[in-house]
>>> print(open('coords.csv').read())   # CSV, C-alpha atoms
chain,number,residue,atom,x,y,z
A,12,MET,CA,96.2,156.3,42.0
A,13,THR,CA,96.7,154.2,38.9
A,14,PHE,CA,99.6,153.5,36.5
A,15,THR,CA,98.4,153.5,32.9
A,16,PHE,CA,100.4,152.3,29.9
A,17,TRP,CA,99.0,154.1,26.8
A,18,PHE,CA,100.1,152.4,23.6
A,19,GLU,CA,99.4,152.3,19.9
A,20,PHE,CA,99.9,149.0,18.1
A,21,ALA,CA,101.4,150.8,15.1
A,22,SER,CA,104.1,152.5,17.2
A,23,THR,CA,107.7,151.2,17.0
A,24,TYR,CA,108.7,152.5,20.4
A,25,SER,CA,105.6,151.0,22.0
A,26,TYR,CA,107.0,147.6,21.0
A,27,PRO,CA,109.9,147.3,23.4
A,28,ALA,CA,107.8,148.9,26.1
A,29,ALA,CA,105.1,146.2,25.7
A,30,MET,CA,107.7,143.5,25.8
A,31,LYS,CA,109.4,144.7,29.0
A,32,LEU,CA,106.7,146.3,31.0
A,33,GLU,CA,104.9,143.4,32.7
A,34,HIS,CA,108.2,142.1,34.2
A,35,LEU,CA,109.5,145.6,35.3
A,36,ALA,CA,106.1,146.4,36.9
A,37,ALA,CA,105.9,143.1,38.7
A,38,GLU,CA,109.4,143.7,40.2
A,39,ARG,CA,107.9,146.8,41.8
A,40,ASP,CA,104.5,145.3,42.7
A,41,ILE,CA,102.8,147.8,40.4
A,42,GLU,CA,99.5,146.9,38.8
A,43,VAL,CA,99.4,148.3,35.2
A,44,HIS,CA,96.3,149.4,33.3
A,45,TRP,CA,97.1,148.5,29.6
A,46,GLN,CA,95.3,151.1,27.5
A,47,PRO,CA,95.5,151.1,23.7
A,48,PHE,CA,94.6,154.2,21.8
A,49,LEU,CA,95.0,155.6,18.2
A,50,LEU,CA,97.6,158.1,17.3
A,51,GLY,CA,96.0,158.9,13.9
A,52,PRO,CA,93.3,161.2,15.2
A,53,ILE,CA,95.8,162.9,17.5
A,54,PHE,CA,98.3,163.5,14.7
A,55,GLN,CA,95.5,164.7,12.5
A,56,ALA,CA,94.4,167.3,15.1
A,57,GLN,CA,97.9,168.8,14.9
A,58,GLY,CA,97.9,168.9,11.1
A,59,TRP,CA,99.7,165.7,10.3
A,60,ASN,CA,98.1,163.2,7.9
A,61,ASP,CA,100.7,160.5,8.5
A,62,THR,CA,103.3,159.4,11.1
A,63,PRO,CA,106.0,162.0,11.7
A,64,PHE,CA,108.5,159.2,10.8
A,65,LYS,CA,107.2,159.5,7.2
A,66,LEU,CA,106.4,163.2,7.1
A,67,PHE,CA,109.9,164.0,8.3
A,68,PRO,CA,112.3,161.5,6.5
A,69,ALA,CA,115.4,162.3,8.5
A,70,LYS,CA,113.6,161.6,11.7
A,71,GLY,CA,112.2,158.4,10.2
A,72,ARG,CA,115.7,157.1,9.1
A,73,TYR,CA,117.1,157.8,12.5
A,74,MET,CA,114.2,156.1,14.2
A,75,TRP,CA,114.8,152.8,12.4
A,76,ARG,CA,118.4,152.8,13.4
A,77,ASP,CA,117.6,153.8,17.0
A,78,ILE,CA,114.9,151.2,17.5
A,79,GLU,CA,117.2,148.5,16.1
A,80,ARG,CA,120.0,149.5,18.4
A,81,LEU,CA,117.6,149.7,21.4
A,82,CYS,CA,116.1,146.3,20.8
A,83,GLU,CA,119.6,144.7,20.4
A,84,ARG,CA,120.7,146.3,23.6
A,85,ASP,CA,117.6,145.1,25.5
A,86,GLY,CA,117.5,141.6,24.0
A,87,ILE,CA,114.3,142.0,22.0
A,88,ARG,CA,114.1,140.5,18.5
A,89,PHE,CA,113.3,143.1,15.9
A,90,HIS,CA,112.8,142.9,12.2
A,91,ARG,CA,112.0,146.1,10.3
A,92,PRO,CA,108.5,145.6,8.9
A,93,SER,CA,108.1,145.7,5.1
A,94,GLN,CA,105.1,148.0,5.6
A,95,PHE,CA,104.9,150.9,8.0
A,96,PRO,CA,102.8,152.0,9.8
A,97,ARG,CA,100.3,149.1,9.9
A,98,SER,CA,96.8,149.8,11.3
A,99,GLY,CA,96.4,148.5,14.9
A,100,LEU,CA,92.7,149.5,14.9
A,101,LEU,CA,91.4,145.9,15.2
A,102,ALA,CA,93.7,144.9,17.9
A,103,ALA,CA,93.1,148.1,19.8
A,104,ARG,CA,89.4,147.6,19.7
A,105,ILE,CA,89.7,144.1,21.2
A,106,VAL,CA,92.1,145.2,23.9
A,107,ASN,CA,90.3,148.3,24.9
A,108,TRP,CA,87.0,146.4,25.3
A,109,HIS,CA,88.7,143.7,27.4
A,110,ALA,CA,91.3,145.9,29.2
A,111,GLN,CA,90.6,144.3,32.6
A,112,GLU,CA,91.2,140.7,31.4
A,113,PRO,CA,94.4,138.9,32.6
A,114,TRP,CA,95.2,137.8,29.1
A,115,VAL,CA,95.7,141.4,27.8
A,116,PRO,CA,99.5,141.7,28.3
A,117,ALA,CA,100.2,138.4,26.5
A,118,PHE,CA,97.9,139.2,23.7
A,119,VAL,CA,99.4,142.6,23.2
A,120,ARG,CA,102.9,141.2,23.1
A,121,SER,CA,101.7,138.6,20.5
A,122,VAL,CA,100.4,141.4,18.3
A,123,TYR,CA,103.5,143.5,18.6
A,124,ARG,CA,105.7,140.5,17.8
A,125,ALA,CA,103.6,139.7,14.7
A,126,ASN,CA,104.3,143.2,13.4
A,127,PHE,CA,107.8,143.9,14.5
A,128,GLU,CA,109.4,140.4,14.7
A,129,HIS,CA,107.5,138.4,12.1
A,130,ASP,CA,106.6,141.1,9.6
A,131,GLN,CA,102.9,140.2,9.6
A,132,ASP,CA,100.1,142.6,8.7
A,133,ILE,CA,98.2,143.2,12.0
A,134,ALA,CA,95.4,144.9,10.0
A,135,ASP,CA,94.6,141.4,8.7
A,136,PRO,CA,91.9,139.6,10.9
A,137,ALA,CA,93.6,136.3,10.2
A,138,VAL,CA,96.8,137.6,11.8
A,139,ILE,CA,94.9,138.8,14.9
A,140,ALA,CA,93.0,135.5,15.0
A,141,ASN,CA,96.4,133.7,15.3
A,142,CYS,CA,97.5,136.1,18.1
A,143,LEU,CA,94.2,135.4,19.9
A,144,ALA,CA,94.6,131.6,19.5
A,145,GLU,CA,98.1,131.9,20.9
A,146,VAL,CA,96.7,133.1,24.2
A,147,LYS,CA,93.9,130.4,24.0
A,148,LEU,CA,91.0,132.7,23.2
A,149,ASP,CA,88.1,132.2,20.8
A,150,ALA,CA,89.1,134.3,17.9
A,151,GLU,CA,85.8,134.0,16.0
A,152,VAL,CA,83.8,135.3,19.0
A,153,LEU,CA,86.2,138.2,19.7
A,154,LEU,CA,86.7,139.3,16.1
A,155,LYS,CA,82.9,139.4,15.6
A,156,GLN,CA,82.5,141.3,18.9
A,157,SER,CA,85.1,143.9,17.8
A,158,GLN,CA,82.8,145.1,15.1
A,159,ARG,CA,79.9,146.0,17.4
A,160,PRO,CA,79.2,149.8,17.5
A,161,GLU,CA,79.7,150.1,21.3
A,162,VAL,CA,83.1,148.4,21.0
A,163,LYS,CA,84.2,150.9,18.3
A,164,GLU,CA,82.8,153.8,20.2
A,165,SER,CA,84.6,152.8,23.4
A,166,LEU,CA,88.0,153.0,21.6
A,167,ARG,CA,87.1,156.4,20.2
A,168,LYS,CA,86.4,157.6,23.7
A,169,ALA,CA,89.7,156.2,24.9
A,170,THR,CA,91.5,158.2,22.2
A,171,GLU,CA,89.6,161.3,23.3
A,172,ARG,CA,90.7,160.7,26.9
A,173,ALA,CA,94.3,160.4,25.7
A,174,GLN,CA,94.0,163.7,23.9
A,175,ALA,CA,92.4,165.3,26.9
A,176,LEU,CA,95.3,164.1,29.0
A,177,GLY,CA,97.8,165.8,26.7
A,178,ILE,CA,99.1,162.6,25.2
A,179,PHE,CA,100.8,163.3,21.8
A,180,GLY,CA,102.8,160.2,21.2
A,181,ALA,CA,103.3,156.6,22.2
A,182,PRO,CA,104.2,154.9,24.4
A,183,PHE,CA,103.0,157.2,27.1
A,184,PHE,CA,102.9,156.4,30.8
A,185,MET,CA,100.6,158.1,33.4
A,186,ALA,CA,101.9,157.5,36.9
A,187,GLY,CA,98.9,159.0,38.7
A,188,ASP,CA,98.9,162.5,37.2
A,189,GLU,CA,102.5,162.5,36.2
A,190,PRO,CA,103.2,162.1,32.5
A,191,PHE,CA,106.1,160.2,31.0
A,192,TRP,CA,106.6,160.0,27.2
A,193,GLY,CA,108.5,157.3,25.4
A,194,TYR,CA,110.2,153.9,26.0
A,195,ASP,CA,113.2,155.9,27.4
A,196,ARG,CA,111.0,157.0,30.4
A,197,MET,CA,109.4,153.7,31.2
A,198,GLU,CA,111.6,152.8,34.2
A,199,GLN,CA,111.6,156.4,35.5
A,200,ALA,CA,107.8,156.3,35.3
A,201,LEU,CA,107.6,153.0,37.3
A,202,ASP,CA,110.1,154.3,39.9
A,203,TRP,CA,108.1,157.5,40.3
A,204,TYR,CA,104.9,155.6,40.8
A,205,GLU,CA,106.5,153.1,43.2
A,206,ALA,CA,107.8,155.9,45.4
A,207,ARG,CA,104.4,157.6,45.7
A,208,MET,CA,102.4,154.4,45.9
A,209,ASP,CA,104.1,153.7,49.2
A,210,ASP,CA,103.3,157.3,50.4
A,211,GLU,CA,99.6,156.6,49.7
A,212,GLU,CA,99.4,153.5,51.8
B,2,MET,CA,137.0,158.9,13.8
B,3,THR,CA,135.6,161.9,15.7
B,4,PHE,CA,133.0,162.5,18.3
B,5,THR,CA,130.9,165.6,17.6
B,6,PHE,CA,128.4,167.2,19.9
B,7,TRP,CA,125.9,169.2,17.7
B,8,PHE,CA,124.0,171.7,19.8
B,9,GLU,CA,121.6,174.7,19.4
B,10,PHE,CA,121.8,177.4,22.1
B,11,ALA,CA,118.0,177.8,22.1
B,12,SER,CA,117.4,174.1,22.7
B,13,THR,CA,116.3,173.1,26.2
B,14,TYR,CA,117.6,169.5,26.0
B,15,SER,CA,121.0,170.7,24.8
B,16,TYR,CA,121.4,172.5,28.1
B,17,PRO,CA,121.8,169.4,30.4
B,18,ALA,CA,123.9,167.8,27.7
B,19,ALA,CA,126.3,170.8,27.6
B,20,MET,CA,126.5,170.8,31.4
B,21,LYS,CA,127.4,167.1,31.7
B,22,LEU,CA,129.3,166.3,28.5
B,23,GLU,CA,132.9,167.4,29.3
B,24,HIS,CA,133.0,165.4,32.5
B,25,LEU,CA,131.5,162.2,31.0
B,26,ALA,CA,133.8,162.4,27.9
B,27,ALA,CA,136.9,162.9,30.1
B,28,GLU,CA,136.1,159.8,32.1
B,29,ARG,CA,136.3,157.9,28.8
B,30,ASP,CA,139.2,159.8,27.4
B,31,ILE,CA,137.1,161.0,24.5
B,32,GLU,CA,137.9,164.3,22.8
B,33,VAL,CA,134.8,166.0,21.8
B,34,HIS,CA,134.2,168.5,18.9
B,35,TRP,CA,131.7,171.0,20.1
B,36,GLN,CA,129.7,172.1,17.1
B,37,PRO,CA,126.9,174.7,17.3
B,38,PHE,CA,124.3,174.9,14.6
B,39,LEU,CA,120.9,176.5,14.0
B,40,LEU,CA,117.7,174.5,14.2
B,41,GLY,CA,115.6,177.3,12.6
B,42,PRO,CA,116.6,176.6,9.0
B,43,ILE,CA,116.2,172.8,9.5
B,44,PHE,CA,112.7,173.3,11.0
B,45,GLN,CA,111.8,175.6,8.2
B,46,ALA,CA,112.9,173.0,5.6
B,47,GLN,CA,110.3,170.6,7.1
B,48,GLY,CA,107.6,173.2,7.0
B,49,TRP,CA,107.8,174.5,10.6
B,50,ASN,CA,108.1,178.3,11.2
B,51,ASP,CA,108.7,177.8,15.0
B,52,THR,CA,109.9,175.3,17.5
B,53,PRO,CA,107.8,172.2,17.7
B,54,PHE,CA,107.3,172.9,21.4
B,55,LYS,CA,105.2,175.9,20.4
B,56,LEU,CA,103.6,174.5,17.2
B,57,PHE,CA,102.4,171.5,19.2
B,58,PRO,CA,101.3,172.8,22.6
B,59,ALA,CA,100.8,169.4,24.3
B,60,LYS,CA,104.4,168.5,23.4
B,61,GLY,CA,105.6,171.8,24.7
B,62,ARG,CA,103.8,171.5,28.1
B,63,TYR,CA,105.2,168.0,28.5
B,64,MET,CA,108.7,169.2,27.6
B,65,TRP,CA,108.8,171.8,30.4
B,66,ARG,CA,107.8,169.2,32.9
B,67,ASP,CA,110.2,166.7,31.6
B,68,ILE,CA,113.3,169.0,31.5
B,69,GLU,CA,112.5,170.2,35.0
B,70,ARG,CA,112.4,166.6,36.2
B,71,LEU,CA,115.6,165.6,34.3
B,72,CYS,CA,117.5,168.6,35.7
B,73,GLU,CA,116.4,167.9,39.2
B,74,ARG,CA,117.5,164.2,38.8
B,75,ASP,CA,120.8,165.2,37.4
B,76,GLY,CA,121.6,168.0,39.8
B,77,ILE,CA,121.4,170.8,37.2
B,78,ARG,CA,119.9,174.1,38.3
B,79,PHE,CA,117.0,175.0,36.0
B,80,HIS,CA,114.6,178.0,35.8
B,81,ARG,CA,112.1,178.1,33.1
B,82,PRO,CA,113.0,181.1,30.9
B,83,SER,CA,110.3,183.8,30.7
B,84,GLN,CA,110.9,183.9,26.9
B,85,PHE,CA,111.3,180.8,24.7
B,86,PRO,CA,113.0,180.2,22.4
B,87,ARG,CA,115.7,182.8,22.5
B,88,SER,CA,118.0,183.3,19.6
B,89,GLY,CA,121.4,181.7,20.1
B,90,LEU,CA,122.7,183.1,16.7
B,91,LEU,CA,125.3,185.4,18.2
B,92,ALA,CA,126.8,182.7,20.6
B,93,ALA,CA,126.7,180.1,17.8
B,94,ARG,CA,128.7,182.3,15.5
B,95,ILE,CA,131.4,182.9,18.1
B,96,VAL,CA,131.7,179.2,19.1
B,97,ASN,CA,131.6,177.9,15.5
B,98,TRP,CA,134.4,180.3,14.5
B,99,HIS,CA,136.6,179.3,17.5
B,100,ALA,CA,135.5,175.6,17.8
B,101,GLN,CA,139.0,174.4,18.4
B,102,GLU,CA,139.8,176.7,21.3
B,103,PRO,CA,140.1,175.2,24.8
B,104,TRP,CA,137.7,177.8,26.3
B,105,VAL,CA,134.7,176.6,24.2
B,106,PRO,CA,133.1,174.2,26.7
B,107,ALA,CA,133.2,176.7,29.5
B,108,PHE,CA,131.9,179.5,27.4
B,109,VAL,CA,129.1,177.3,26.0
B,110,ARG,CA,128.0,176.3,29.6
B,111,SER,CA,128.1,180.0,30.6
B,112,VAL,CA,125.7,180.9,27.8
B,113,TYR,CA,123.3,178.0,28.6
B,114,ARG,CA,123.3,178.9,32.3
B,115,ALA,CA,122.5,182.6,31.3
B,116,ASN,CA,119.4,181.4,29.5
B,117,PHE,CA,118.2,178.4,31.5
B,118,GLU,CA,119.4,179.2,35.0
B,119,HIS,CA,119.4,183.0,35.1
B,120,ASP,CA,116.7,183.8,32.6
B,121,GLN,CA,118.9,186.2,30.6
B,122,ASP,CA,118.3,187.1,27.0
B,123,ILE,CA,121.2,185.4,25.1
B,124,ALA,CA,120.3,187.4,22.0
B,125,ASP,CA,121.5,190.5,23.8
B,126,PRO,CA,125.2,191.2,23.1
B,127,ALA,CA,125.6,192.5,26.6
B,128,VAL,CA,124.7,189.1,28.0
B,129,ILE,CA,127.1,187.3,25.7
B,130,ALA,CA,129.8,189.9,26.7
B,131,ASN,CA,129.3,188.8,30.3
B,132,CYS,CA,129.6,185.2,29.4
B,133,LEU,CA,132.9,185.9,27.4
B,134,ALA,CA,134.2,187.9,30.3
B,135,GLU,CA,133.4,185.0,32.6
B,136,VAL,CA,135.9,182.8,30.7
B,137,LYS,CA,138.5,185.7,30.6
B,138,LEU,CA,138.0,186.6,26.9
B,139,ASP,CA,138.0,190.0,25.3
B,140,ALA,CA,134.3,190.5,24.6
B,141,GLU,CA,134.7,193.6,22.5
B,142,VAL,CA,137.0,191.9,20.0
B,143,LEU,CA,135.0,188.7,19.8
B,144,LEU,CA,131.6,190.4,19.4
B,145,LYS,CA,133.0,192.6,16.6
B,146,GLN,CA,134.5,189.7,14.9
B,147,SER,CA,131.2,187.7,15.1
B,148,GLN,CA,129.7,190.2,12.6
B,149,ARG,CA,132.3,189.5,9.8
B,150,PRO,CA,130.8,188.0,6.7
B,151,GLU,CA,133.1,185.0,6.8
B,152,VAL,CA,132.1,184.2,10.4
B,153,LYS,CA,128.4,184.3,9.5
B,154,GLU,CA,129.0,182.2,6.4
B,155,SER,CA,130.9,179.6,8.4
B,156,LEU,CA,127.9,179.0,10.7
B,157,ARG,CA,125.6,178.8,7.7
B,158,LYS,CA,127.8,176.1,6.3
B,159,ALA,CA,127.8,174.2,9.7
B,160,THR,CA,124.0,174.2,9.6
B,161,GLU,CA,124.1,172.9,6.1
B,162,ARG,CA,126.5,170.1,7.2
B,163,ALA,CA,124.1,169.2,10.0
B,164,GLN,CA,121.2,169.0,7.6
B,165,ALA,CA,123.3,166.9,5.2
B,166,LEU,CA,124.1,164.5,8.1
B,167,GLY,CA,120.4,164.0,8.7
B,168,ILE,CA,120.3,166.0,11.9
B,169,PHE,CA,116.8,167.1,12.7
B,170,GLY,CA,116.9,168.1,16.4
B,171,ALA,CA,119.3,168.9,19.2
B,172,PRO,CA,121.3,167.8,21.0
B,173,PHE,CA,122.7,165.4,18.4
B,174,PHE,CA,125.8,163.3,18.8
B,175,MET,CA,127.8,161.8,15.9
B,176,ALA,CA,130.0,159.0,17.2
B,177,GLY,CA,132.0,158.6,14.0
B,178,ASP,CA,129.1,157.8,11.5
B,179,GLU,CA,126.7,156.6,14.2
B,180,PRO,CA,123.9,159.1,15.0
B,181,PHE,CA,122.4,159.6,18.5
B,182,TRP,CA,119.7,162.1,19.1
B,183,GLY,CA,118.8,163.7,22.4
B,184,TYR,CA,120.2,164.1,25.9
B,185,ASP,CA,118.8,160.6,26.6
B,186,ARG,CA,121.3,159.1,24.2
B,187,MET,CA,124.4,161.0,25.4
B,188,GLU,CA,126.0,158.3,27.5
B,189,GLN,CA,125.1,155.6,25.0
B,190,ALA,CA,126.8,157.7,22.3
B,191,LEU,CA,129.9,158.1,24.4
B,192,ASP,CA,130.0,154.3,25.2
B,193,TRP,CA,129.5,153.4,21.6
B,194,TYR,CA,132.4,155.7,20.6
B,195,GLU,CA,134.7,154.5,23.4
B,196,ALA,CA,134.2,150.8,22.4
B,197,ARG,CA,135.1,151.6,18.7
B,198,MET,CA,137.9,154.1,19.5
B,199,ASP,CA,139.8,151.2,21.1
B,200,ASP,CA,139.2,149.0,18.0
B,201,GLU,CA,140.8,151.7,15.8
B,202,GLU,CA,144.0,151.9,17.8
>>> encode(input="coords.csv", output="structure tokens")
Amino acid sequence: MTFTFWFEFASTYSYPAAMKLEHLAAERDIEVHWQPFLLGPIFQAQGWNDTPFKLFPAKGRYMWRDIERLCERDGIRFHRPSQFPRSGLLAARIVNWHAQEPWVPAFVRSVYRANFEHDQDIADPAVIANCLAEVKLDAEVLLKQSQRPEVKESLRKATERAQALGIFGAPFFMAGDEPFWGYDRMEQALDWYEARMDDEE
Amino acid sequence: MTFTFWFEFASTYSYPAAMKLEHLAAERDIEVHWQPFLLGPIFQAQGWNDTPFKLFPAKGRYMWRDIERLCERDGIRFHRPSQFPRSGLLAARIVNWHAQEPWVPAFVRSVYRANFEHDQDIADPAVIANCLAEVKLDAEVLLKQSQRPEVKESLRKATERAQALGIFGAPFFMAGDEPFWGYDRMEQALDWYEARMDDEE
């Protein structure tokens, strides 16, 4: 049984999840698989050519207020980006290819903070290079690698797996086979998994 | 400042909210305005001719699992209705017209339980008559009254007010001017209002 955190770098509600998850999982001795994917193709498959937060303006206005309130409550710095959504494609390719590496959670948080705390464009390789440097990685090597066909293809496959699992938004948590959608369900998902993880042993 | 509970009788997540709200509000000495409205016209305005839970099947499948889990956690009996969504138009007309009456919360709960616990068709006047009788009201008089033009018009106006407030889903809570969407935000909305209610006095 595995616990998988499915996230999209462009997603606002994935941001507080990425900031809190490692700590909450460690408290419960849960090993998390950090799995990026792209929401774009999934939205397109249901007839949306943009984020629902732009297609449905009332929902978008509410989301900005809600995420601001949530981050304040949970002690997470948040600054509404001047551009939304920003493409997380590059970062997602890197993380997906290196998903088993111990530096993944720290790098993911660095990318989220670039976008949602420092208002930087995460589609810009220079921004991602800074995030890689922050976790002591060789940005030049990793950025170059991210353009290889097999790296691109691997992320496409991950997004197809997300879709096959019925994932329609982010963040999304799979506690074994049990699906949990949204930052609001993160602790419930971890508790669910913790209870069954003990059963399995 | 007022605290308003905006709900739609067809809405699954409004059901646990309706079951829990009176108790949670009373603990905080909050007086709640129970305000039904219709999601149909609001969904239509954003190009949807049905509930998102049917238009987007993955989201629908997830919702049934999620609501079942939530109700189990919160001690609310839930039985997935054989028909979804069911029109809450008749019940919404009655409640909207009598929104100030002390019997409203009990009647609302009775209608929700008919749909989501007993799998009864709340579009059927005989079902609503039973719910009215359960709270000792004269069903014949109220059902007849619900067909008067001014009663119908008043509910249309309520739905227009919801739309003007930026309400795009249900349940929705307005704590003064502060918007909170979803059963997941009910306690946060009440806490928010409680804190400011004291400021005002």
>>> closest_residue(input="coords.csv", among="A:Asn107, A:Ser98, A:Ser93, A:Gln199", to="Thr170 (chain A)", atoms="all atoms listed in the file")
A:Asn107
>>> atom_distance(input="coords.csv", atom1="CA of Phe127 (chain A)", atom2="CA of Ala181 (chain A)")
15.5 Å
>>> residues_around(input="coords.csv", residues="region 177-184 of chain B", least_positions_apart="2", cutoff="10 Å", atoms="all atoms listed in the file", output="PyMOL selection string")
(chain A and resi 70+73-74+76-77) or (chain B and resi 2-8+13-19+21-22+71+166-175+186-191+193-194+197-198)
>>> atom_distance(input="coords.csv", atom1="CA of Val162 (chain A)", atom2="CA of Pro136 (chain A)")
16.0 Å
>>> closest_residue(input="coords.csv", among="B:Glu102, B:Asp185, B:Glu195, B:Asp125", to="chain A", atoms="all atoms listed in the file")
B:Asp185
>>> residues_around(input="coords.csv", residues="region 139-155 of chain A", least_positions_apart="2", cutoff="7 Å", atoms="all atoms listed in the file", output="number ranges by chain")
A: 102, 114, 117-118, 121-122, 133, 135-137, 157-158
>>> atom_distance(input="coords.csv", atom1="CA of Met20 (chain B)", atom2="CA of Arg70 (chain B)")
15.5 Å
>>> residues_around(input="coords.csv", residues="Val115 (chain A)", least_positions_apart="5", cutoff="9 Å", atoms="all atoms listed in the file", output="MDAnalysis selection string")
chainID A and resid 45 106 109:110 120
>>> closest_residue(input="coords.csv", among="B:Gln47, B:Asn116, B:Ser12, B:Gln121", to="chain A", atoms="only C-alpha atoms")
B:Gln47
>>> residues_around(input="coords.csv", residues="Ala56 (chain A)", least_positions_apart="6", cutoff="12 Å", atoms="only C-alpha atoms", output="number ranges by chain")
A: 50, 170-171, 174, 179; B: 56-59
>>> closest_residue(input="coords.csv", among="B:Ala93, B:Leu25, B:Ile77, B:Ala165", to="chain A", atoms="all atoms listed in the file")
B:Ala165
>>> closest_residue(input="coords.csv", among="B:Arg78, B:Lys153, B:Arg114, B:Arg162", to="Ile95 (chain B)", atoms="all atoms listed in the file")
B:Lys153
